[in-house]
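Chemist: Okay, handing you the structure first.
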Amino acid sequence: MAERKRREVRNEKREGSWPSPLVIAAPASGSGKTTLVLGLLTALKRRGLKVAPFKVGPDFIDPGHHGAACGQVSRNLDGWMCGEQVVRENYLRGCAGAHIALVEGVMGLFDGASGDSDEGSTAEISRWLNGQILLVVDARSQARSAAALVKGFVDFDPRLRFAGVIFNRVGSERHRELLEQALCSTPGLPPLLGCLPRNDQVNLSERHLGLITAEEASFDYSAHADLVEQSLDLDLLLAAVSGETAEQSPQIMSFVEKVVPIRIAVARDPAFCFCYPENLERLEAAGAELIFFSPLQEDIPQNIDGLYLPGGYPELYLDRLAANITMLERLRALAETGLPIYAECGGLLMLCEGLNNQILAGIFPAQAKLLSKRKALGYREVTFKTDTPIGPRGTVARGHEFHYSEIEMPVAVGRSYSLSRKGGADLGSEGFRYKNVLASYVHLHFGSNPQLAVNFVQFCKSLKN
């Protein structure tokens, strides 16, 4: 049966067609979306299928696990940061050559940037992409009530399509029977496609910013795949989504010919792993040649025209980071010579004098410290108050902020950003400047303003010339 279905799915994938996604959603965070997605990605890879993985929202950690599980880059689909057109383009590019697209939702199905609309939610992304929703329900401590919950979600927005329901953390065979009876006896509900039993072996370790990242350790997702294959009707699920195709072709990025390539070094290792893939793609499309390096164990590459320091977990590797004295000294020297440097969150921390009294680059005369409680979380709209390496005064872009640290930045340090929340609430000034260094806690998504990548490459080029 499995072999026959694999052939059927492959036959449905035609040249020029683009799969509509299976959207893994839930009533709330913690229902088991990531467990199911990792199991599905690994199980589908076992069947020889190429899966295009995606994550709704601004998260970096889940996409890292997606990529480790199926061997494909996982992309963020964020309605608030990027808007419908860019979300569609990013999705369709990610689907190239794939047999099936799998989108992991964020929080609850209808949770997003607003309480009175589906803006920024999984529901919004599913509508835009004509997706089919697989609703994952944590069924602990309930039986027939679970059907009432499912009915509420199915009826809440009639524009959405549901492929089926998965009950998670099912305690026994009798519990499963009660849940199946409840769903089958309630008119108008999607089919039950499986019940996942309680299984602590598939739980991934967590800490202050979420799960342990895939970049830090080698993860084995075979237990997730075994759980899915033993508990779900995977053939029925594949039958529900095979043959579903998108109605438009992908927008192809036009790449600038690299006659004289602009070399931009990009930090990438377990300490600096929070970077939207599209940011890098847009830099390349604008004419950049990206050279990746590890600040934990390498010096900054030679003969570069710019430097990109993404976020991550530098606080977990302070000893190793501080011990790389050659890299830190060269970072200071490059900043002094006017090299364009763009840094986000963890990259900003490395540019400070120190973090938790550990000496770092010292480009900004500021100390950073970790807090026991979260300092900031949420979407941010950024308006540029001055000209910067990634855009002139008046530029507007969107991003996300999430950290447990704070910085005592002197007033004398220049600020280039005016920050606001969704809805316009003023959050003050940020975007710290020193010569051609721009650093911020905000992770900007270059899809929110495609000119950002072009501006940075052109700025680097103007100094090279």
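Ordered as shown in the structure tokens, chains take letters A, B, and onward, while each chain numbers its residues from 1 and ligands are numbered from 1 in the order shown.
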Where in segment 316-432 of chain A does DSSP assign strand (DSSP E or B), given as a PDB file with N, CA and C atoms, in the first residue's frame?
Modeler:
ATOM      1  N   ILE A 341      28.899  46.894   8.419  1.00  0.00           N
ATOM      2  CA  ILE A 341      28.585  45.755   9.286  1.00  0.00           C
ATOM      3  C   ILE A 341      27.134  45.866   9.722  1.00  0.00           C
ATOM      4  N   TYR A 342      26.367  44.822   9.476  1.00  0.00           N
ATOM      5  CA  TYR A 342      24.963  44.777   9.899  1.00  0.00           C
ATOM      6  C   TYR A 342      24.803  43.632  10.886  1.00  0.00           C
ATOM      7  N   ALA A 343      24.269  43.932  12.087  1.00  0.00           N
ATOM      8  CA  ALA A 343      24.170  42.924  13.147  1.00  0.00           C
ATOM      9  C   ALA A 343      22.779  42.931  13.759  1.00  0.00           C
ATOM     10  N   GLU A 344      22.308  41.726  14.114  1.00  0.00           N
ATOM     11  CA  GLU A 344      20.985  41.557  14.721  1.00  0.00           C
ATOM     12  C   GLU A 344      21.091  40.751  16.004  1.00  0.00           C
ATOM     13  N   CYS A 352      29.205  44.538  21.661  1.00  0.00           N
ATOM     14  CA  CYS A 352      29.311  45.287  22.912  1.00  0.00           C
ATOM     15  C   CYS A 352      30.661  45.047  23.587  1.00  0.00           C
ATOM     16  N   GLU A 353      30.956  45.868  24.602  1.00  0.00           N
ATOM     17  CA  GLU A 353      32.191  45.674  25.363  1.00  0.00           C
ATOM     18  C   GLU A 353      32.215  44.321  26.048  1.00  0.00           C
ATOM     19  N   GLY A 354      31.050  43.897  26.521  1.00  0.00           N
ATOM     20  CA  GLY A 354      31.002  42.615  27.196  1.00  0.00           C
ATOM     21  C   GLY A 354      29.590  42.154  27.429  1.00  0.00           C
ATOM     22  N   LEU A 355      29.461  40.868  27.712  1.00  0.00           N
ATOM     23  CA  LEU A 355      28.185  40.250  28.072  1.00  0.00           C
ATOM     24  C   LEU A 355      28.414  39.453  29.346  1.00  0.00           C
ATOM     25  N   GLN A 358      31.959  39.241  30.449  1.00  0.00           N
ATOM     26  CA  GLN A 358      32.928  38.583  29.564  1.00  0.00           C
ATOM     27  C   GLN A 358      33.275  39.543  28.438  1.00  0.00           C
ATOM     28  N   ILE A 359      34.549  39.809  28.219  1.00  0.00           N
ATOM     29  CA  ILE A 359      34.980  40.803  27.243  1.00  0.00           C
ATOM     30  C   ILE A 359      34.693  40.327  25.815  1.00  0.00           C
ATOM     31  N   PHE A 364      30.748  48.965  20.537  1.00  0.00           N
ATOM     32  CA  PHE A 364      29.856  49.855  21.268  1.00  0.00           C
ATOM     33  C   PHE A 364      30.276  49.889  22.734  1.00  0.00           C
ATOM     34  N   PRO A 365      30.353  51.080  23.330  1.00  0.00           N
ATOM     35  CA  PRO A 365      30.785  51.203  24.736  1.00  0.00           C
ATOM     36  C   PRO A 365      29.647  50.839  25.677  1.00  0.00           C
ATOM     37  N   ALA A 366      29.273  49.574  25.671  1.00  0.00           N
ATOM     38  CA  ALA A 366      28.096  49.152  26.431  1.00  0.00           C
ATOM     39  C   ALA A 366      28.302  47.754  26.992  1.00  0.00           C
ATOM     40  N   GLN A 367      27.708  47.533  28.137  1.00  0.00           N
ATOM     41  CA  GLN A 367      27.687  46.212  28.745  1.00  0.00           C
ATOM     42  C   GLN A 367      26.302  45.593  28.557  1.00  0.00           C
ATOM     43  N   ALA A 368      26.280  44.317  28.232  1.00  0.00           N
ATOM     44  CA  ALA A 368      25.025  43.580  28.116  1.00  0.00           C
ATOM     45  C   ALA A 368      24.957  42.546  29.231  1.00  0.00           C
ATOM     46  N   LYS A 369      23.755  42.243  29.650  1.00  0.00           N
ATOM     47  CA  LYS A 369      23.593  41.221  30.686  1.00  0.00           C
ATOM     48  C   LYS A 369      22.341  40.404  30.422  1.00  0.00           C
ATOM     49  N   LEU A 370      22.404  39.130  30.804  1.00  0.00           N
ATOM     50  CA  LEU A 370      21.261  38.244  30.690  1.00  0.00           C
ATOM     51  C   LEU A 370      20.344  38.437  31.885  1.00  0.00           C
ATOM     52  N   ALA A 376      11.967  41.187  25.956  1.00  0.00           N
ATOM     53  CA  ALA A 376      11.154  41.695  24.850  1.00  0.00           C
ATOM     54  C   ALA A 376      10.698  40.545  23.961  1.00  0.00           C
ATOM     55  N   LEU A 377       9.483  40.669  23.450  1.00  0.00           N
ATOM     56  CA  LEU A 377       8.928  39.688  22.505  1.00  0.00           C
ATOM     57  C   LEU A 377       7.846  40.369  21.688  1.00  0.00           C
ATOM     58  N   GLY A 378       7.961  40.307  20.372  1.00  0.00           N
ATOM     59  CA  GLY A 378       6.879  40.812  19.546  1.00  0.00           C
ATOM     60  C   GLY A 378       7.336  41.346  18.209  1.00  0.00           C
ATOM     61  N   TYR A 379       6.340  41.591  17.358  1.00  0.00           N
ATOM     62  CA  TYR A 379       6.602  42.181  16.051  1.00  0.00           C
ATOM     63  C   TYR A 379       7.014  43.642  16.208  1.00  0.00           C
ATOM     64  N   ARG A 380       7.848  44.100  15.272  1.00  0.00           N
ATOM     65  CA  ARG A 380       8.306  45.472  15.283  1.00  0.00           C
ATOM     66  C   ARG A 380       8.251  46.057  13.866  1.00  0.00           C
ATOM     67  N   GLU A 381       7.774  47.295  13.792  1.00  0.00           N
ATOM     68  CA  GLU A 381       7.913  48.061  12.554  1.00  0.00           C
ATOM     69  C   GLU A 381       9.006  49.089  12.777  1.00  0.00           C
ATOM     70  N   VAL A 382       9.915  49.176  11.835  1.00  0.00           N
ATOM     71  CA  VAL A 382      11.097  50.035  11.961  1.00  0.00           C
ATOM     72  C   VAL A 382      11.031  51.130  10.905  1.00  0.00           C
ATOM     73  N   THR A 383      11.146  52.360  11.352  1.00  0.00           N
ATOM     74  CA  THR A 383      11.264  53.499  10.443  1.00  0.00           C
ATOM     75  C   THR A 383      12.648  54.111  10.630  1.00  0.00           C
ATOM     76  N   PHE A 384      13.391  54.241   9.537  1.00  0.00           N
ATOM     77  CA  PHE A 384      14.762  54.743   9.622  1.00  0.00           C
ATOM     78  C   PHE A 384      14.747  56.256   9.804  1.00  0.00           C
ATOM     79  N   THR A 388      21.377  54.731   6.571  1.00  0.00           N
ATOM     80  CA  THR A 388      22.076  53.573   7.131  1.00  0.00           C
ATOM     81  C   THR A 388      22.634  52.720   5.998  1.00  0.00           C
ATOM     82  N   GLY A 391      19.610  51.140   4.168  1.00  0.00           N
ATOM     83  CA  GLY A 391      18.526  51.959   3.654  1.00  0.00           C
ATOM     84  C   GLY A 391      18.618  53.394   4.100  1.00  0.00           C
ATOM     85  N   VAL A 396      11.080  51.993   5.615  1.00  0.00           N
ATOM     86  CA  VAL A 396      10.237  51.280   6.579  1.00  0.00           C
ATOM     87  C   VAL A 396      10.392  49.781   6.337  1.00  0.00           C
ATOM     88  N   ALA A 397      10.583  49.030   7.408  1.00  0.00           N
ATOM     89  CA  ALA A 397      10.717  47.571   7.314  1.00  0.00           C
ATOM     90  C   ALA A 397      10.084  46.953   8.554  1.00  0.00           C
ATOM     91  N   ARG A 398       9.895  45.641   8.503  1.00  0.00           N
ATOM     92  CA  ARG A 398       9.280  44.945   9.620  1.00  0.00           C
ATOM     93  C   ARG A 398      10.129  43.757  10.054  1.00  0.00           C
ATOM     94  N   GLY A 399      10.022  43.427  11.338  1.00  0.00           N
ATOM     95  CA  GLY A 399      10.778  42.308  11.879  1.00  0.00           C
ATOM     96  C   GLY A 399      10.202  41.845  13.198  1.00  0.00           C
ATOM     97  N   HIS A 400      11.036  41.150  13.966  1.00  0.00           N
ATOM     98  CA  HIS A 400      10.588  40.546  15.220  1.00  0.00           C
ATOM     99  C   HIS A 400      11.701  40.650  16.242  1.00  0.00           C
ATOM    100  N   GLU A 401      11.307  40.781  17.502  1.00  0.00           N
ATOM    101  CA  GLU A 401      12.263  40.921  18.607  1.00  0.00           C
ATOM    102  C   GLU A 401      11.930  39.909  19.695  1.00  0.00           C
ATOM    103  N   PHE A 402      12.966  39.176  20.176  1.00  0.00           N
ATOM    104  CA  PHE A 402      12.767  38.178  21.224  1.00  0.00           C
ATOM    105  C   PHE A 402      14.102  37.949  21.913  1.00  0.00           C
ATOM    106  N   HIS A 403      14.221  38.393  23.160  1.00  0.00           N
ATOM    107  CA  HIS A 403      15.487  38.199  23.860  1.00  0.00           C
ATOM    108  C   HIS A 403      15.310  38.317  25.360  1.00  0.00           C
ATOM    109  N   SER A 405      18.059  39.444  27.175  1.00  0.00           N
ATOM    110  CA  SER A 405      19.176  40.291  27.577  1.00  0.00           C
ATOM    111  C   SER A 405      18.788  41.759  27.473  1.00  0.00           C
ATOM    112  N   GLU A 406      19.569  42.606  28.118  1.00  0.00           N
ATOM    113  CA  GLU A 406      19.410  44.045  27.970  1.00  0.00           C
ATOM    114  C   GLU A 406      20.782  44.692  27.893  1.00  0.00           C
ATOM    115  N   ILE A 407      20.827  45.874  27.285  1.00  0.00           N
ATOM    116  CA  ILE A 407      22.078  46.578  27.055  1.00  0.00           C
ATOM    117  C   ILE A 407      22.004  47.974  27.656  1.00  0.00           C
ATOM    118  N   GLU A 408      23.035  48.338  28.385  1.00  0.00           N
ATOM    119  CA  GLU A 408      23.150  49.688  28.935  1.00  0.00           C
ATOM    120  C   GLU A 408      23.898  50.544  27.918  1.00  0.00           C
ATOM    121  N   GLY A 414      24.639  56.785  18.548  1.00  0.00           N
ATOM    122  CA  GLY A 414      23.581  57.152  17.617  1.00  0.00           C
ATOM    123  C   GLY A 414      22.510  56.083  17.490  1.00  0.00           C
ATOM    124  N   ARG A 415      21.278  56.531  17.296  1.00  0.00           N
ATOM    125  CA  ARG A 415      20.137  55.648  17.068  1.00  0.00           C
ATOM    126  C   ARG A 415      19.544  55.961  15.693  1.00  0.00           C
ATOM    127  N   SER A 416      19.351  54.921  14.893  1.00  0.00           N
ATOM    128  CA  SER A 416      18.847  55.122  13.531  1.00  0.00           C
ATOM    129  C   SER A 416      17.418  54.649  13.336  1.00  0.00           C
ATOM    130  N   TYR A 417      16.875  53.908  14.311  1.00  0.00           N
ATOM    131  CA  TYR A 417      15.529  53.353  14.161  1.00  0.00           C
ATOM    132  C   TYR A 417      14.535  54.046  15.077  1.00  0.00           C
ATOM    133  N   SER A 418      13.333  54.192  14.580  1.00  0.00           N
ATOM    134  CA  SER A 418      12.178  54.481  15.415  1.00  0.00           C
ATOM    135  C   SER A 418      11.325  53.219  15.404  1.00  0.00           C
ATOM    136  N   LEU A 419      11.086  52.620  16.575  1.00  0.00           N
ATOM    137  CA  LEU A 419      10.384  51.342  16.667  1.00  0.00           C
ATOM    138  C   LEU A 419       8.933  51.541  17.069  1.00  0.00           C
ATOM    139  N   SER A 420       8.080  50.687  16.534  1.00  0.00           N
ATOM    140  CA  SER A 420       6.680  50.671  16.954  1.00  0.00           C
ATOM    141  C   SER A 420       6.149  49.255  16.895  1.00  0.00           C
ATOM    142  N   ASP A 426       4.353  53.465  20.085  1.00  0.00           N
ATOM    143  CA  ASP A 426       5.751  53.878  20.022  1.00  0.00           C
ATOM    144  C   ASP A 426       6.588  53.101  21.028  1.00  0.00           C
ATOM    145  N   LEU A 427       7.726  52.542  20.557  1.00  0.00           N
ATOM    146  CA  LEU A 427       8.645  51.806  21.424  1.00  0.00           C
ATOM    147  C   LEU A 427       9.992  52.502  21.539  1.00  0.00           C
ATOM    148  N   GLY A 428      10.072  53.741  21.085  1.00  0.00           N
ATOM    149  CA  GLY A 428      11.299  54.492  21.238  1.00  0.00           C
ATOM    150  C   GLY A 428      12.290  54.297  20.107  1.00  0.00           C
ATOM    151  N   SER A 429      13.540  54.675  20.379  1.00  0.00           N
ATOM    152  CA  SER A 429      14.598  54.654  19.373  1.00  0.00           C
ATOM    153  C   SER A 429      15.544  53.479  19.599  1.00  0.00           C
ATOM    154  N   GLU A 430      16.061  52.961  18.510  1.00  0.00           N
ATOM    155  CA  GLU A 430      17.008  51.845  18.553  1.00  0.00           C
ATOM    156  C   GLU A 430      17.841  51.896  17.288  1.00  0.00           C
ATOM    157  N   GLY A 431      18.405  50.776  16.851  1.00  0.00           N
ATOM    158  CA  GLY A 431      19.238  50.755  15.656  1.00  0.00           C
ATOM    159  C   GLY A 431      20.529  51.510  15.892  1.00  0.00           C
ATOM    160  N   PHE A 432      21.436  50.915  16.658  1.00  0.00           N
ATOM    161  CA  PHE A 432      22.637  51.607  17.123  1.00  0.00           C
ATOM    162  C   PHE A 432      23.657  51.751  15.988  1.00  0.00           C
TER     163      PHE A 432
END
Chemist: Find the residues near Ser141 of chain A: any atom within 10 Å, counting only C-alpha atoms, skip ones fewer than 3 places away on the same chain, and give them as a VMD selection string.
Modeler: chain A and resid 138 145 to 146 169 to 171 175
Chemist: Using only C-alpha atoms, pick whichever of A:Leu238, A:Leu321, A:Val51, A:Leu290 has the shortest atom-to-atom distance to Pro270 of chain A.
Modeler: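 Checking each of A:Leu238, A:Leu321, A:Val51, A:Leu290 against Pro270 of chain A, counting only C-alpha atoms, the winner is A:Leu321.
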Chemist: For Ala217 of chain A, which residue out of A:Ala453, A:Leu135, A:Leu204, A:Ile262 is the nearest one, using only C-alpha atoms?
Modeler: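 Going through A:Ala453, A:Leu135, A:Leu204, A:Ile262 one by one, the smallest distance to Ala217 of chain A is for A:Leu204.
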Chemist: If I take atom CA of Pro340 of chain A and atom CA of Pro392 of chain A, how far is one from the other in Å, to one decimal?
Modeler: 14.2 Å
Chemist: Find the residue from A:Arg88, A:Lys45, A:His445, A:Lys55 that sits nearest to Arg282 of chain A; use only C-alpha atoms when measuring.
Modeler: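 Selected residue with least distance to Arg282 of chain A: A:His445.
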Chemist: Show which residues sit within 7 Å of Glu104 of chain A, as a ChimeraX atom specification. Count only C-alpha atoms, and ignore same-chain residues fewer than 3 positions away.
Modeler: /A:23-25,33,37,54-56
Chemist: Filtering to N, CA and C atoms, could you give me those residues as a PDB file, in the first residue's frame?
Modeler:
ATOM      1  N   VAL A  23      -1.259  22.017   6.034  1.00  0.00           N
ATOM      2  CA  VAL A  23      -0.966  22.960   7.110  1.00  0.00           C
ATOM      3  C   VAL A  23      -1.232  22.289   8.457  1.00  0.00           C
ATOM      4  N   ILE A  24      -0.192  22.130   9.255  1.00  0.00           N
ATOM      5  CA  ILE A  24      -0.324  21.511  10.568  1.00  0.00           C
ATOM      6  C   ILE A  24      -0.640  22.611  11.582  1.00  0.00           C
ATOM      7  N   ALA A  25      -1.872  22.595  12.074  1.00  0.00           N
ATOM      8  CA  ALA A  25      -2.338  23.637  12.986  1.00  0.00           C
ATOM      9  C   ALA A  25      -2.886  23.000  14.252  1.00  0.00           C
ATOM     10  N   LYS A  33       2.253  20.178  17.530  1.00  0.00           N
ATOM     11  CA  LYS A  33       2.493  20.451  16.111  1.00  0.00           C
ATOM     12  C   LYS A  33       3.897  20.044  15.685  1.00  0.00           C
ATOM     13  N   VAL A  37       5.028  17.320  12.925  1.00  0.00           N
ATOM     14  CA  VAL A  37       5.714  17.763  11.717  1.00  0.00           C
ATOM     15  C   VAL A  37       7.043  17.043  11.541  1.00  0.00           C
ATOM     16  N   PHE A  54       7.885  24.446   5.734  1.00  0.00           N
ATOM     17  CA  PHE A  54       7.700  25.867   6.021  1.00  0.00           C
ATOM     18  C   PHE A  54       7.246  26.028   7.468  1.00  0.00           C
ATOM     19  N   LYS A  55       7.436  27.246   7.983  1.00  0.00           N
ATOM     20  CA  LYS A  55       6.996  27.584   9.325  1.00  0.00           C
ATOM     21  C   LYS A  55       6.273  28.922   9.295  1.00  0.00           C
ATOM     22  N   VAL A  56       5.048  28.965   9.826  1.00  0.00           N
ATOM     23  CA  VAL A  56       4.332  30.222   9.942  1.00  0.00           C
ATOM     24  C   VAL A  56       4.932  31.031  11.084  1.00  0.00           C
TER      25      VAL A  56
END
Chemist: Check segment 198-405 of chain A with DSSP on the backbone and list each residue it calls helix (DSSP H, G or I), as a PDB file with C-alpha atoms, in the first residue's frame.
Modeler:
ATOM      1  CA  ASP A 200       7.984  11.226  26.224  1.00  0.00           C
ATOM      2  CA  GLN A 201      10.700   9.838  23.923  1.00  0.00           C
ATOM      3  CA  VAL A 202       9.771  12.363  21.220  1.00  0.00           C
ATOM      4  CA  SER A 222      13.410   8.297  13.794  1.00  0.00           C
ATOM      5  CA  ALA A 223      11.274   7.963  16.942  1.00  0.00           C
ATOM      6  CA  HIS A 224       9.058  10.759  15.625  1.00  0.00           C
ATOM      7  CA  ALA A 225       8.717   8.985  12.269  1.00  0.00           C
ATOM      8  CA  ASP A 226       7.990   5.627  13.931  1.00  0.00           C
ATOM      9  CA  LEU A 227       5.267   7.252  16.029  1.00  0.00           C
ATOM     10  CA  VAL A 228       3.657   8.809  12.961  1.00  0.00           C
ATOM     11  CA  GLU A 229       3.830   5.651  10.862  1.00  0.00           C
ATOM     12  CA  GLN A 230       2.368   3.516  13.652  1.00  0.00           C
ATOM     13  CA  SER A 231      -0.379   5.942  14.654  1.00  0.00           C
ATOM     14  CA  LEU A 234      -0.368   8.159   6.228  1.00  0.00           C
ATOM     15  CA  ASP A 235      -1.671   6.770   2.938  1.00  0.00           C
ATOM     16  CA  LEU A 236      -5.060   8.403   3.492  1.00  0.00           C
ATOM     17  CA  LEU A 237      -3.330  11.649   4.377  1.00  0.00           C
ATOM     18  CA  LEU A 238      -1.225  11.578   1.206  1.00  0.00           C
ATOM     19  CA  ALA A 239      -4.291  10.784  -0.865  1.00  0.00           C
ATOM     20  CA  ALA A 240      -6.012  13.865   0.548  1.00  0.00           C
ATOM     21  CA  VAL A 241      -3.279  16.236  -0.584  1.00  0.00           C
ATOM     22  CA  PRO A 277      16.959  32.122   4.468  1.00  0.00           C
ATOM     23  CA  GLU A 278      15.300  34.726   2.271  1.00  0.00           C
ATOM     24  CA  ASN A 279      17.591  37.446   3.651  1.00  0.00           C
ATOM     25  CA  LEU A 280      20.575  35.539   2.310  1.00  0.00           C
ATOM     26  CA  GLU A 281      18.878  34.760  -0.997  1.00  0.00           C
ATOM     27  CA  ARG A 282      18.023  38.408  -1.516  1.00  0.00           C
ATOM     28  CA  LEU A 283      21.601  39.453  -0.801  1.00  0.00           C
ATOM     29  CA  GLU A 284      22.813  36.959  -3.403  1.00  0.00           C
ATOM     30  CA  ALA A 285      20.201  38.154  -5.881  1.00  0.00           C
ATOM     31  CA  PRO A 314      26.225  33.768  21.882  1.00  0.00           C
ATOM     32  CA  GLU A 315      25.417  33.731  25.620  1.00  0.00           C
ATOM     33  CA  LEU A 316      25.816  29.938  25.627  1.00  0.00           C
ATOM     34  CA  TYR A 317      29.307  30.111  24.115  1.00  0.00           C
ATOM     35  CA  LEU A 318      30.805  33.133  25.839  1.00  0.00           C
ATOM     36  CA  ASP A 319      34.058  31.430  26.842  1.00  0.00           C
ATOM     37  CA  ARG A 320      34.745  30.200  23.310  1.00  0.00           C
ATOM     38  CA  LEU A 321      33.698  33.495  21.753  1.00  0.00           C
ATOM     39  CA  ALA A 322      35.850  35.576  24.095  1.00  0.00           C
ATOM     40  CA  ALA A 323      38.778  33.197  23.548  1.00  0.00           C
ATOM     41  CA  ILE A 325      40.817  37.069  20.389  1.00  0.00           C
ATOM     42  CA  THR A 326      42.079  37.267  16.806  1.00  0.00           C
ATOM     43  CA  MET A 327      38.539  37.411  15.442  1.00  0.00           C
ATOM     44  CA  LEU A 328      37.388  40.027  17.984  1.00  0.00           C
ATOM     45  CA  GLU A 329      40.397  42.242  17.349  1.00  0.00           C
ATOM     46  CA  ARG A 330      39.881  42.056  13.590  1.00  0.00           C
ATOM     47  CA  LEU A 331      36.177  42.841  14.062  1.00  0.00           C
ATOM     48  CA  ARG A 332      37.130  46.023  15.938  1.00  0.00           C
ATOM     49  CA  ALA A 333      39.666  46.945  13.266  1.00  0.00           C
ATOM     50  CA  LEU A 334      37.187  46.441  10.427  1.00  0.00           C
ATOM     51  CA  ALA A 335      34.629  48.617  12.174  1.00  0.00           C
ATOM     52  CA  GLU A 336      37.224  51.375  12.607  1.00  0.00           C
ATOM     53  CA  THR A 337      38.154  51.265   8.911  1.00  0.00           C
ATOM     54  CA  GLY A 346      23.109  38.037  19.120  1.00  0.00           C
ATOM     55  CA  GLY A 347      25.305  39.864  16.627  1.00  0.00           C
ATOM     56  CA  LEU A 348      24.593  43.098  18.504  1.00  0.00           C
ATOM     57  CA  LEU A 349      25.670  41.465  21.774  1.00  0.00           C
ATOM     58  CA  MET A 350      29.015  40.475  20.262  1.00  0.00           C
ATOM     59  CA  LEU A 351      29.652  44.106  19.296  1.00  0.00           C
TER      60      LEU A 351
END
Chemist: My list of candidates is A:Ala425, A:Cys345, A:Ala265, A:Leu296. Which is closest to Cys460 of chain A when distances are computed with only C-alpha atoms?
Modeler: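 Using only C-alpha atoms, Cys460 of chain A sits closest to A:Ala265.
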Chemist: Which residue, A:Leu196, A:Leu49, A:Ala28, A:Leu463, has the smallest gap to Leu109 of chain A when you use only C-alpha atoms?
Modeler: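 Closest to Leu109 of chain A, using only C-alpha atoms: A:Ala28.
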Chemist: To one decimal place in Å, what is the distance between atom CA of Asp118 of chain A and atom CA of Leu22 of chain A?
Modeler: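 So the two atoms, atom CA of Asp118 of chain A and atom CA of Leu22 of chain A, lie 18.4 Å apart.
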